[in-house]
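Notes for the one structure printed next.
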Amino acid sequence: MRAKEKMIRIARTLRPIGARQLWAQGVYALRGLRPPPPLLGPVPELSPGGEPAAFLPAPRHARWVSPDALELIQRRVDFSAGVDWGHSAEGPLWLYHLNQCDHLRDEELSPERRRDLMLDWVRTCSAGAGWDPHPTCLRVLSWGKLLLTPGAVELTPGEAGEIRGSMAQQLDGLERNLEFRLQANHLLANLIGLVFGGLLFEGPRADAWLQREEDLRAELARQFGREGAHEERSPMYHALLLENLLDLLNLLRVREERAPRPLAEELAATAERALAALSVWRHPDGEIALFGDSALGIAPPPDALLEYGRALGLQPLAPETPGLLASAGFARLEEGPFALLASFGVPSPAHQPGHAHCDALSFELTCAGERVVCDTGVHSYEPGPRRDVARATRSHATLEIAGAEQSEIWAAHRVGGRVRTALVAFEPRASLEATCASWSTPDTLHRRRFSLAGGVLEIRDWVEGVPRAVRLALPLAPGLEPRLVHDQEGGTEAHVRLAGSGRLRVILPVEVNWRIERIPYYPEFGIEADRACLVGEAEAFESGCWRFEFSPEGE
């Protein structure tokens, strides 16, 4: 790419960014992170109060497989010579998870081992990625939950003071480096961590951290909105932030004398909306869809979050229109054997779309309780072929127009030109119609209508405007092996034997050349599986219909 083209792409990428975020980016580029201040004054004490409700366990991906071997996001590292808190050989995401310290909540760890690891971090991690704002705020939550859980960690008074002193310094450093340059989930988690620290401790320093509750309430309103779907439109990040909100509300409920009443009300209302929004992204198997940068095993499953919310007295608020997150660009249809989750949104938020994929008008499908059509997921955030594949249009169950991406994705998290979408019609549980126009082919419109009735799913596609070559894709779940069947009239069907029981018949759009390709599937960070994808190509596609019919075993 020529220098002029690169500059134009950068301009398209920066256009939606606000002045405050641009200023913060410039300051960070010139100065970097500010070092934490020295620990002056008395070490803050834990605030008095009752015992909170039980916190959720550590995420599934984070576990100590032996006293000295730690596994995070499918990568195992031997720390028999001592934990290296700056270990970077597994990549920056692994390093962040190491320093977030969720692994300290592994139920297999003894209280003594947790103590040793916490003190080791305090005594040996004086600089580096561990002090970045994002792992810092999440580590404050992890350590705080351990301190609040009876018997989770055994400390002498001196050791407890050492850890509290370090946490105070971490919180002071966090407040100096709030991630206004990144916004979105990073800034929200920063503020949750600060306010959590303000409730966890008492004294002037804790009071200062707690003053950030007004900023937190403003971000909650901005990032979750009326429908309750987080602005980054990633079910995984939505669930992670929801757990953080519930943790903060959990502590607030037993520290009410320190908590401003408006914060308690806003947290509860936001969490109830967020729980309801999560139900739109939930498959019948109890796990999330893999839209955006979502992976299994990182966030708590939806049912666990729902039970946690109930323990705190919360009930999900039903969406205004059942099954529809209109502003977020997602809908859920369910009837008979089918449950369909569809995406019709744009890269979001406009100022930070780093977790967006080219997935407009794509969908995931469950049939008879079994995942059949699956988004590609995410393998890692490191730039390279796997990252490109995960975000590409052709990796999703939608149409690729003229061989171009729906949005101008580049690097690992950048988006220049953006797809345009519109919701045309929605009938709860039964139908959805929406349109999209890719950034590079705005004069060609893709219209798609999903319809569920009588136990049959139909998906109709139209290409309007300037005709262009089209690639249609239907990426299947691993283990499902379709068989193409051609009839005498030129039509093509795909027959798929489900892993459980029954058979799925897919009547494919006509006047399209169909084949089966092998493509990757990234259900969890660090995992790659092989699977089949139905691929159709047409030089002048105008319209077509997919018809999905399920036959139980024996019929």
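Ordering of the structure tokens sets the chain letters (A, B, ...), residue numbers begin anew at 1 in every chain, and ligands are numbered from 1 in the order given.
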Problem set entry | Shell around Phe291 in chain A at 7 Å using only C-alpha atoms, local window under 5 positions removed, as a VMD selection string | chain A and resid 234 to 235 375 377
Can you list every residue of range 282-377 of chain A that has an atom at most 10 Å from range 73-83 of chain A, with its nearest atom pair and the distance in Å to one decimal, using only C-alpha atoms, ordered by chain then number, as CSV?
residue,atom,partner,partner_atom,distance
A:Ala295,CA,A:Ile73,CA,9.9
A:Gly297,CA,A:Ile73,CA,8.4
A:Ile298,CA,A:Ile73,CA,8.1
Once you have the residues from the selection above, write them out as a short mmCIF file (atom, residue, chain, number, x, y, z; two decimals), in the first residue's frame, restricted to N, CA and C atoms.
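Ended up saving to selection19.cif:
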data_model
loop_
_atom_site.label_atom_id
_atom_site.label_comp_id
_atom_site.auth_asym_id
_atom_site.auth_seq_id
_atom_site.Cartn_x
_atom_site.Cartn_y
_atom_site.Cartn_z
N ALA A 295 -14.97 -15.62 22.85
CA ALA A 295 -14.43 -16.97 22.98
C ALA A 295 -15.05 -17.61 24.21
N GLY A 297 -15.10 -19.97 27.64
CA GLY A 297 -14.17 -20.26 28.72
C GLY A 297 -13.54 -19.06 29.38
N ILE A 298 -13.83 -17.86 28.90
CA ILE A 298 -13.24 -16.64 29.47
C ILE A 298 -14.20 -16.00 30.47
#
For this session: Might you pull out every residue within 12 Å of Tyr522 in chain A, with only C-alpha atoms counted and same-chain residues fewer than 4 positions away left off, and present them as a PyMOL selection string?
Result: chain A and resi 73-74+290-291+293-297+374-380+386-387+389-391+395+477-478+526-531
Would you save the residues from that selection as a PDB file, in the first residue's frame, using C-alpha atoms?
ATOM      1  CA  ILE A  73      -5.921 -19.388  27.509  1.00  0.00           C
ATOM      2  CA  GLN A  74      -4.745 -22.899  26.567  1.00  0.00           C
ATOM      3  CA  LEU A 290     -19.236 -16.059  19.287  1.00  0.00           C
ATOM      4  CA  PHE A 291     -19.958 -12.724  17.611  1.00  0.00           C
ATOM      5  CA  ASP A 293     -14.169 -11.048  19.707  1.00  0.00           C
ATOM      6  CA  SER A 294     -15.930 -13.717  21.757  1.00  0.00           C
ATOM      7  CA  ALA A 295     -14.427 -16.972  22.979  1.00  0.00           C
ATOM      8  CA  LEU A 296     -15.740 -19.635  25.325  1.00  0.00           C
ATOM      9  CA  GLY A 297     -14.171 -20.264  28.718  1.00  0.00           C
ATOM     10  CA  CYS A 374     -21.092 -21.170  14.048  1.00  0.00           C
ATOM     11  CA  ASP A 375     -19.219 -17.900  13.883  1.00  0.00           C
ATOM     12  CA  THR A 376     -15.460 -18.362  13.566  1.00  0.00           C
ATOM     13  CA  GLY A 377     -14.621 -16.981  17.031  1.00  0.00           C
ATOM     14  CA  VAL A 378     -11.178 -15.646  17.947  1.00  0.00           C
ATOM     15  CA  HIS A 379      -7.813 -17.383  18.325  1.00  0.00           C
ATOM     16  CA  SER A 380      -5.686 -14.472  19.583  1.00  0.00           C
ATOM     17  CA  ARG A 386      -5.409 -16.080  12.206  1.00  0.00           C
ATOM     18  CA  ARG A 387      -6.461 -12.629  13.326  1.00  0.00           C
ATOM     19  CA  VAL A 389      -9.322 -14.852   9.211  1.00  0.00           C
ATOM     20  CA  ALA A 390     -11.338 -14.357  12.398  1.00  0.00           C
ATOM     21  CA  ARG A 391     -12.450 -10.871  11.354  1.00  0.00           C
ATOM     22  CA  SER A 395     -15.487 -16.366   7.837  1.00  0.00           C
ATOM     23  CA  ALA A 477     -19.843 -26.644  13.596  1.00  0.00           C
ATOM     24  CA  PRO A 478     -16.867 -29.030  13.840  1.00  0.00           C
ATOM     25  CA  GLY A 526      -5.496 -20.708  21.527  1.00  0.00           C
ATOM     26  CA  ILE A 527      -7.668 -23.471  20.034  1.00  0.00           C
ATOM     27  CA  GLU A 528      -8.018 -24.150  16.314  1.00  0.00           C
ATOM     28  CA  ALA A 529     -10.359 -26.832  14.958  1.00  0.00           C
ATOM     29  CA  ASP A 530     -11.034 -27.920  11.407  1.00  0.00           C
ATOM     30  CA  ARG A 531     -14.572 -27.803  10.027  1.00  0.00           C
TER      31      ARG A 531
END
Taking the chain letters and numbering used in this document, name the residues of range 8-225 of chain A that DSSP puts in helix (DSSP H, G or I), as a CSV table (one decimal) with N, CA and C atoms, in the first residue's frame.
chain,number,residue,atom,x,y,z
A,8,ILE,N,-4.8,8.0,4.0
A,8,ILE,CA,-6.2,8.1,3.8
A,8,ILE,C,-6.9,7.1,4.7
A,9,ARG,N,-6.4,5.8,4.8
A,9,ARG,CA,-6.9,4.8,5.7
A,9,ARG,C,-6.9,5.2,7.1
A,10,ILE,N,-5.8,5.8,7.5
A,10,ILE,CA,-5.6,6.3,8.9
A,10,ILE,C,-6.7,7.4,9.2
A,11,ALA,N,-6.9,8.3,8.2
A,11,ALA,CA,-7.8,9.3,8.4
A,11,ALA,C,-9.3,8.8,8.6
A,12,ARG,N,-9.6,7.7,7.8
A,12,ARG,CA,-10.9,7.1,7.9
A,12,ARG,C,-11.0,6.5,9.3
A,13,THR,N,-9.9,5.9,9.8
A,13,THR,CA,-10.0,5.3,11.1
A,13,THR,C,-10.1,6.2,12.2
A,14,LEU,N,-9.5,7.4,12.1
A,14,LEU,CA,-9.5,8.4,13.2
A,14,LEU,C,-10.7,9.3,13.2
A,19,ALA,N,-12.4,14.5,20.6
A,19,ALA,CA,-11.3,15.3,21.0
A,19,ALA,C,-10.6,14.8,22.2
A,20,ARG,N,-11.4,14.4,23.2
A,20,ARG,CA,-10.8,14.0,24.5
A,20,ARG,C,-10.0,12.7,24.3
A,21,GLN,N,-10.5,11.8,23.5
A,21,GLN,CA,-9.8,10.5,23.3
A,21,GLN,C,-8.5,10.8,22.4
A,22,LEU,N,-8.6,11.6,21.4
A,22,LEU,CA,-7.4,12.0,20.6
A,22,LEU,C,-6.4,12.6,21.5
A,23,TRP,N,-6.8,13.5,22.4
A,23,TRP,CA,-5.8,14.2,23.3
A,23,TRP,C,-5.1,13.2,24.2
A,24,ALA,N,-5.9,12.2,24.7
A,24,ALA,CA,-5.4,11.2,25.6
A,24,ALA,C,-4.4,10.3,24.8
A,25,GLN,N,-4.7,10.0,23.6
A,25,GLN,CA,-3.8,9.2,22.8
A,25,GLN,C,-2.5,10.0,22.5
A,26,GLY,N,-2.6,11.3,22.3
A,26,GLY,CA,-1.4,12.0,22.1
A,26,GLY,C,-0.5,12.1,23.3
A,27,VAL,N,-1.2,12.3,24.5
A,27,VAL,CA,-0.4,12.4,25.7
A,27,VAL,C,0.3,11.1,26.0
A,28,TYR,N,-0.4,10.0,25.8
A,28,TYR,CA,0.1,8.7,26.0
A,28,TYR,C,1.3,8.4,25.1
A,29,ALA,N,1.2,8.8,23.8
A,29,ALA,CA,2.3,8.6,22.9
A,29,ALA,C,3.5,9.4,23.3
A,30,LEU,N,3.4,10.6,23.9
A,30,LEU,CA,4.5,11.4,24.3
A,30,LEU,C,5.1,11.0,25.6
A,31,ARG,N,4.2,10.6,26.6
A,31,ARG,CA,4.6,10.4,27.9
A,31,ARG,C,4.6,9.0,28.4
A,92,PRO,N,1.1,-10.8,24.6
A,92,PRO,CA,0.6,-9.8,25.6
A,92,PRO,C,-0.7,-10.2,26.3
A,93,LEU,N,-1.6,-10.9,25.6
A,93,LEU,CA,-2.8,-11.3,26.2
A,93,LEU,C,-2.6,-12.2,27.4
A,94,TRP,N,-1.7,-13.2,27.2
A,94,TRP,CA,-1.4,-14.2,28.2
A,94,TRP,C,-0.7,-13.4,29.4
A,95,LEU,N,0.1,-12.5,29.1
A,95,LEU,CA,0.8,-11.7,30.2
A,95,LEU,C,-0.2,-10.9,31.0
A,96,TYR,N,-1.2,-10.3,30.3
A,96,TYR,CA,-2.3,-9.6,31.0
A,96,TYR,C,-3.1,-10.5,31.9
A,97,HIS,N,-3.4,-11.7,31.4
A,97,HIS,CA,-4.2,-12.6,32.3
A,97,HIS,C,-3.3,-13.1,33.4
A,98,LEU,N,-2.0,-13.3,33.2
A,98,LEU,CA,-1.2,-13.6,34.4
A,98,LEU,C,-1.3,-12.6,35.5
A,99,ASN,N,-1.2,-11.3,35.1
A,99,ASN,CA,-1.2,-10.2,36.1
A,99,ASN,C,-2.6,-9.8,36.6
A,100,GLN,N,-3.6,-10.2,35.9
A,100,GLN,CA,-5.0,-10.0,36.4
A,100,GLN,C,-5.2,-10.9,37.6
A,102,ASP,N,-6.7,-13.7,38.1
A,102,ASP,CA,-7.9,-14.5,38.2
A,102,ASP,C,-7.6,-16.0,38.6
A,103,HIS,N,-6.4,-16.4,38.2
A,103,HIS,CA,-5.9,-17.8,38.5
A,103,HIS,C,-5.7,-18.0,40.0
A,104,LEU,N,-5.6,-16.9,40.8
A,104,LEU,CA,-5.5,-17.1,42.2
A,104,LEU,C,-6.8,-17.6,42.8
A,105,ARG,N,-7.9,-17.4,42.1
A,105,ARG,CA,-9.2,-17.9,42.6
A,105,ARG,C,-9.5,-19.3,42.2
A,111,PRO,N,-5.0,-21.9,50.5
A,111,PRO,CA,-4.9,-20.5,51.0
A,111,PRO,C,-3.4,-20.1,51.2
A,112,GLU,N,-2.5,-21.0,51.5
A,112,GLU,CA,-1.1,-20.7,51.7
A,112,GLU,C,-0.5,-20.4,50.3
A,113,ARG,N,-0.9,-21.1,49.3
A,113,ARG,CA,-0.3,-20.9,48.0
A,113,ARG,C,-0.8,-19.5,47.4
A,114,ARG,N,-2.0,-19.2,47.7
A,114,ARG,CA,-2.6,-17.9,47.3
A,114,ARG,C,-1.8,-16.8,48.0
A,115,ARG,N,-1.5,-16.9,49.3
A,115,ARG,CA,-0.8,-16.0,50.0
A,115,ARG,C,0.6,-15.8,49.4
A,116,ASP,N,1.3,-16.9,49.1
A,116,ASP,CA,2.6,-16.8,48.6
A,116,ASP,C,2.7,-16.1,47.3
A,117,LEU,N,1.7,-16.4,46.4
A,117,LEU,CA,1.7,-15.8,45.1
A,117,LEU,C,1.4,-14.3,45.2
A,118,MET,N,0.4,-13.9,46.0
A,118,MET,CA,0.1,-12.5,46.2
A,118,MET,C,1.4,-11.7,46.7
A,119,LEU,N,2.0,-12.3,47.7
A,119,LEU,CA,3.2,-11.6,48.3
A,119,LEU,C,4.3,-11.6,47.3
A,120,ASP,N,4.4,-12.6,46.5
A,120,ASP,CA,5.5,-12.6,45.5
A,120,ASP,C,5.3,-11.5,44.4
A,121,TRP,N,4.0,-11.3,44.0
A,121,TRP,CA,3.7,-10.2,43.1
A,121,TRP,C,4.1,-8.9,43.8
A,122,VAL,N,3.7,-8.7,45.0
A,122,VAL,CA,4.0,-7.4,45.7
A,122,VAL,C,5.5,-7.1,45.8
A,123,ARG,N,6.3,-8.2,46.1
A,123,ARG,CA,7.7,-8.0,46.3
A,123,ARG,C,8.6,-8.0,45.1
A,124,THR,N,8.1,-8.6,44.0
A,124,THR,CA,8.9,-8.7,42.8
A,124,THR,C,8.4,-8.0,41.6
A,129,ALA,N,4.2,-4.7,32.5
A,129,ALA,CA,2.8,-4.9,32.1
A,129,ALA,C,1.9,-5.1,33.3
A,130,GLY,N,2.4,-5.6,34.4
A,130,GLY,CA,1.5,-5.8,35.6
A,130,GLY,C,1.0,-4.5,36.1
A,131,TRP,N,1.6,-3.4,35.8
A,131,TRP,CA,1.1,-2.1,36.3
A,131,TRP,C,0.3,-1.4,35.3
A,133,PRO,N,-3.0,-0.2,33.4
A,133,PRO,CA,-4.3,0.0,34.0
A,133,PRO,C,-5.2,-1.2,34.0
A,134,HIS,N,-5.3,-1.9,32.8
A,134,HIS,CA,-6.3,-2.9,32.7
A,134,HIS,C,-6.0,-4.1,33.6
A,135,PRO,N,-4.8,-4.7,33.6
A,135,PRO,CA,-4.6,-5.8,34.6
A,135,PRO,C,-4.7,-5.3,36.0
A,136,THR,N,-4.3,-4.0,36.2
A,136,THR,CA,-4.4,-3.5,37.6
A,136,THR,C,-5.8,-3.5,38.2
A,137,CYS,N,-6.7,-2.9,37.4
A,137,CYS,CA,-8.1,-2.8,37.9
A,137,CYS,C,-8.7,-4.2,38.1
A,138,LEU,N,-8.4,-5.2,37.2
A,138,LEU,CA,-8.9,-6.5,37.4
A,138,LEU,C,-8.3,-7.3,38.5
A,139,ARG,N,-7.0,-7.0,38.8
A,139,ARG,CA,-6.3,-7.6,39.9
A,139,ARG,C,-6.9,-7.1,41.2
A,140,VAL,N,-7.2,-5.8,41.3
A,140,VAL,CA,-7.8,-5.3,42.5
A,140,VAL,C,-9.1,-6.0,42.8
A,141,LEU,N,-9.9,-6.3,41.8
A,141,LEU,CA,-11.1,-7.1,42.0
A,141,LEU,C,-10.8,-8.5,42.4
A,142,SER,N,-9.8,-9.2,41.8
A,142,SER,CA,-9.5,-10.5,42.2
A,142,SER,C,-8.9,-10.6,43.6
A,143,TRP,N,-8.0,-9.8,43.9
A,143,TRP,CA,-7.4,-9.8,45.3
A,143,TRP,C,-8.5,-9.4,46.3
A,144,GLY,N,-9.3,-8.4,45.9
A,144,GLY,CA,-10.4,-7.9,46.9
A,144,GLY,C,-11.3,-9.1,47.2
A,145,LYS,N,-11.7,-9.8,46.1
A,145,LYS,CA,-12.7,-10.9,46.4
A,145,LYS,C,-12.1,-12.0,47.3
A,146,LEU,N,-10.7,-12.2,47.1
A,146,LEU,CA,-10.1,-13.2,48.0
A,146,LEU,C,-10.1,-12.7,49.5
A,147,LEU,N,-9.8,-11.4,49.6
A,147,LEU,CA,-9.8,-10.8,51.0
A,147,LEU,C,-11.1,-10.9,51.6
A,148,LEU,N,-12.2,-10.8,50.8
A,148,LEU,CA,-13.6,-10.8,51.3
A,148,LEU,C,-14.2,-12.2,51.6
A,157,PRO,N,-0.9,-10.4,60.3
A,157,PRO,CA,-1.2,-9.0,60.3
A,157,PRO,C,-0.2,-8.2,59.4
A,158,GLY,N,1.1,-8.6,59.6
A,158,GLY,CA,2.1,-8.0,58.8
A,158,GLY,C,1.9,-8.2,57.3
A,159,GLU,N,1.6,-9.4,56.9
A,159,GLU,CA,1.4,-9.8,55.5
A,159,GLU,C,0.2,-9.1,54.9
A,160,ALA,N,-0.9,-9.0,55.8
A,160,ALA,CA,-2.1,-8.3,55.3
A,160,ALA,C,-1.8,-6.9,55.1
A,161,GLY,N,-1.0,-6.2,56.0
A,161,GLY,CA,-0.7,-4.8,55.8
A,161,GLY,C,0.1,-4.6,54.5
A,162,GLU,N,1.0,-5.6,54.2
A,162,GLU,CA,1.9,-5.4,53.0
A,162,GLU,C,1.0,-5.5,51.8
A,163,ILE,N,0.0,-6.4,51.7
A,163,ILE,CA,-0.8,-6.5,50.6
A,163,ILE,C,-1.8,-5.3,50.5
A,164,ARG,N,-2.3,-4.8,51.6
A,164,ARG,CA,-3.2,-3.6,51.5
A,164,ARG,C,-2.4,-2.4,51.0
A,165,GLY,N,-1.1,-2.3,51.5
A,165,GLY,CA,-0.3,-1.2,51.1
A,165,GLY,C,-0.1,-1.2,49.6
A,166,SER,N,0.2,-2.4,49.1
A,166,SER,CA,0.4,-2.6,47.6
A,166,SER,C,-0.8,-2.2,46.8
A,167,MET,N,-2.0,-2.7,47.3
A,167,MET,CA,-3.2,-2.4,46.6
A,167,MET,C,-3.5,-0.9,46.6
A,168,ALA,N,-3.2,-0.2,47.7
A,168,ALA,CA,-3.4,1.2,47.7
A,168,ALA,C,-2.5,1.9,46.6
A,169,GLN,N,-1.3,1.4,46.5
A,169,GLN,CA,-0.4,2.0,45.5
A,169,GLN,C,-0.9,1.7,44.1
A,170,GLN,N,-1.4,0.5,43.9
A,170,GLN,CA,-1.9,0.1,42.6
A,170,GLN,C,-3.1,1.0,42.3
A,171,LEU,N,-4.0,1.2,43.2
A,171,LEU,CA,-5.2,2.1,43.0
A,171,LEU,C,-4.8,3.5,42.7
A,172,ASP,N,-3.8,4.0,43.4
A,172,ASP,CA,-3.3,5.4,43.1
A,172,ASP,C,-2.7,5.4,41.7
A,173,GLY,N,-2.0,4.4,41.3
A,173,GLY,CA,-1.4,4.4,40.0
A,173,GLY,C,-2.5,4.2,38.9
A,174,LEU,N,-3.5,3.5,39.2
A,174,LEU,CA,-4.7,3.3,38.3
A,174,LEU,C,-5.4,4.7,38.1
A,175,GLU,N,-5.6,5.4,39.1
A,175,GLU,CA,-6.3,6.7,39.0
A,175,GLU,C,-5.4,7.7,38.2
A,176,ARG,N,-4.1,7.6,38.2
A,176,ARG,CA,-3.3,8.4,37.4
A,176,ARG,C,-3.3,8.1,35.9
A,184,ALA,N,-14.3,2.6,26.2
A,184,ALA,CA,-15.0,1.3,26.1
A,184,ALA,C,-14.7,0.4,27.3
A,185,ASN,N,-14.5,-0.9,27.2
A,185,ASN,CA,-14.4,-1.8,28.3
A,185,ASN,C,-13.2,-1.5,29.2
A,186,HIS,N,-12.1,-1.0,28.6
A,186,HIS,CA,-11.0,-0.7,29.5
A,186,HIS,C,-11.3,0.4,30.5
A,187,LEU,N,-11.9,1.5,30.0
A,187,LEU,CA,-12.2,2.6,30.9
A,187,LEU,C,-13.2,2.2,31.9
A,188,LEU,N,-14.2,1.5,31.5
A,188,LEU,CA,-15.3,1.1,32.4
A,188,LEU,C,-14.7,0.2,33.5
A,189,ALA,N,-13.9,-0.8,33.1
A,189,ALA,CA,-13.2,-1.7,34.1
A,189,ALA,C,-12.3,-0.9,35.1
A,190,ASN,N,-11.6,0.1,34.5
A,190,ASN,CA,-10.8,1.0,35.4
A,190,ASN,C,-11.6,1.6,36.5
A,191,LEU,N,-12.8,2.2,36.1
A,191,LEU,CA,-13.6,2.9,37.1
A,191,LEU,C,-14.3,1.9,38.1
A,192,ILE,N,-14.6,0.8,37.6
A,192,ILE,CA,-15.2,-0.2,38.5
A,192,ILE,C,-14.1,-0.6,39.5
A,193,GLY,N,-12.9,-0.8,39.1
A,193,GLY,CA,-11.8,-1.2,40.0
A,193,GLY,C,-11.6,-0.1,41.0
A,194,LEU,N,-11.6,1.2,40.6
A,194,LEU,CA,-11.3,2.3,41.6
A,194,LEU,C,-12.5,2.4,42.6
A,195,VAL,N,-13.7,2.3,42.1
A,195,VAL,CA,-14.8,2.4,43.1
A,195,VAL,C,-14.9,1.2,44.0
A,196,PHE,N,-14.5,0.0,43.5
A,196,PHE,CA,-14.4,-1.2,44.3
A,196,PHE,C,-13.4,-1.0,45.4
A,197,GLY,N,-12.2,-0.4,45.0
A,197,GLY,CA,-11.2,-0.1,46.1
A,197,GLY,C,-11.7,0.9,47.1
A,198,GLY,N,-12.5,1.9,46.6
A,198,GLY,CA,-13.1,2.9,47.5
A,198,GLY,C,-14.0,2.3,48.5
A,199,LEU,N,-14.8,1.2,48.1
A,199,LEU,CA,-15.7,0.6,49.0
A,199,LEU,C,-14.9,-0.5,49.9
A,200,LEU,N,-13.9,-1.1,49.4
A,200,LEU,CA,-13.2,-2.1,50.1
A,200,LEU,C,-12.4,-1.6,51.3
A,204,PRO,N,-9.1,8.5,54.0
A,204,PRO,CA,-9.1,9.6,52.9
A,204,PRO,C,-8.7,9.1,51.5
A,205,ARG,N,-7.8,8.2,51.4
A,205,ARG,CA,-7.4,7.7,50.1
A,205,ARG,C,-8.6,6.9,49.5
A,206,ALA,N,-9.2,6.1,50.3
A,206,ALA,CA,-10.4,5.3,49.8
A,206,ALA,C,-11.5,6.3,49.4
A,207,ASP,N,-11.7,7.3,50.2
A,207,ASP,CA,-12.7,8.3,49.9
A,207,ASP,C,-12.5,9.0,48.5
A,208,ALA,N,-11.2,9.2,48.2
A,208,ALA,CA,-10.8,9.8,46.9
A,208,ALA,C,-11.1,8.9,45.8
A,209,TRP,N,-10.8,7.6,45.9
A,209,TRP,CA,-11.1,6.6,44.9
A,209,TRP,C,-12.7,6.5,44.7
A,210,LEU,N,-13.4,6.6,45.8
A,210,LEU,CA,-14.8,6.5,45.7
A,210,LEU,C,-15.5,7.6,45.0
A,213,GLU,N,-17.2,7.6,41.5
A,213,GLU,CA,-18.5,6.9,41.2
A,213,GLU,C,-19.4,7.7,40.2
A,214,GLU,N,-19.2,9.0,40.2
A,214,GLU,CA,-20.0,9.8,39.3
A,214,GLU,C,-19.5,9.5,37.8
A,215,ASP,N,-18.2,9.4,37.6
A,215,ASP,CA,-17.7,9.0,36.3
A,215,ASP,C,-18.2,7.6,35.9
A,216,LEU,N,-18.2,6.7,36.9
A,216,LEU,CA,-18.6,5.4,36.7
A,216,LEU,C,-20.1,5.4,36.2
A,217,ARG,N,-20.9,6.1,36.9
A,217,ARG,CA,-22.4,6.2,36.5
A,217,ARG,C,-22.5,6.7,35.1
A,218,ALA,N,-21.7,7.7,34.8
A,218,ALA,CA,-21.8,8.3,33.4
A,218,ALA,C,-21.4,7.3,32.4
A,219,GLU,N,-20.4,6.5,32.7
A,219,GLU,CA,-19.9,5.5,31.7
A,219,GLU,C,-20.9,4.3,31.6
A,220,LEU,N,-21.6,4.0,32.7
A,220,LEU,CA,-22.6,2.9,32.7
A,220,LEU,C,-23.7,3.3,31.7
A,221,ALA,N,-24.2,4.5,31.8
A,221,ALA,CA,-25.3,5.0,31.0
A,221,ALA,C,-24.8,5.1,29.5
A,222,ARG,N,-23.6,5.5,29.3
A,222,ARG,CA,-23.1,5.6,28.0
A,222,ARG,C,-22.8,4.3,27.3
A,223,GLN,N,-22.2,3.3,28.1
A,223,GLN,CA,-21.8,2.1,27.4
A,223,GLN,C,-22.8,1.0,27.4
A,224,PHE,N,-23.8,1.0,28.3
A,224,PHE,CA,-24.8,0.0,28.3
A,224,PHE,C,-26.1,0.5,27.7
Considering only C-alpha atoms, return as a compact mmCIF listing (two decimals) with C-alpha atoms, in the first residue's frame whatever protein or nucleic-acid residues lie within 6 Å of Leu317 in chain A, sequence-local ones (same chain, fewer than 2 positions apart) excluded.
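The result, stored in part-v1.txt:
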# COMPACT_ATOMS: atom_id res chain seq x y z
CA GLU A 272 -30.81 -6.08 35.25
CA ARG A 273 -30.83 -4.67 31.70
CA ALA A 276 -31.76 -9.44 29.84
Problem set entry | In range 259-381 of chain A, DSSP strand (DSSP E) residues written as a list of chain:residue names |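 Answer for range 259-381 of chain A, restricted to strand (DSSP E): A:Leu324, A:Leu325, A:Phe330, A:Ala331, A:Arg332, A:Leu333, A:Glu334, A:Glu335, A:Phe338, A:Ala339, A:Leu340, A:Leu341, A:Ala342, A:Ser343, A:Phe363, A:Glu364, A:Leu365, A:Thr366, A:Cys367, A:Glu370, A:Arg371, A:Val372, A:Val373.
Minimum distance to Gln183 in chain A across A:Pro300, A:Pro52, A:Pro353, A:Gly286 (counting only C-alpha atoms) occurs at A:Pro353.
Separating CA of Pro467 in chain A from CA of Arg420 in chain A is a distance of 17.8 Å.
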Problem set entry | Nearest to Pro16 in chain A, chosen from A:Pro520, A:Gly536, A:Pro349, A:Gly500, with only C-alpha atoms counted in the distances | A:Pro349
For this session: Skip Pro57 in chain A itself and residues of its chain fewer than 2 positions away, then list as JSON, numbers by chain all residues within 8 Å of it, counting only C-alpha atoms.
Result: {"A": [55, 59, 105, 106, 107]}
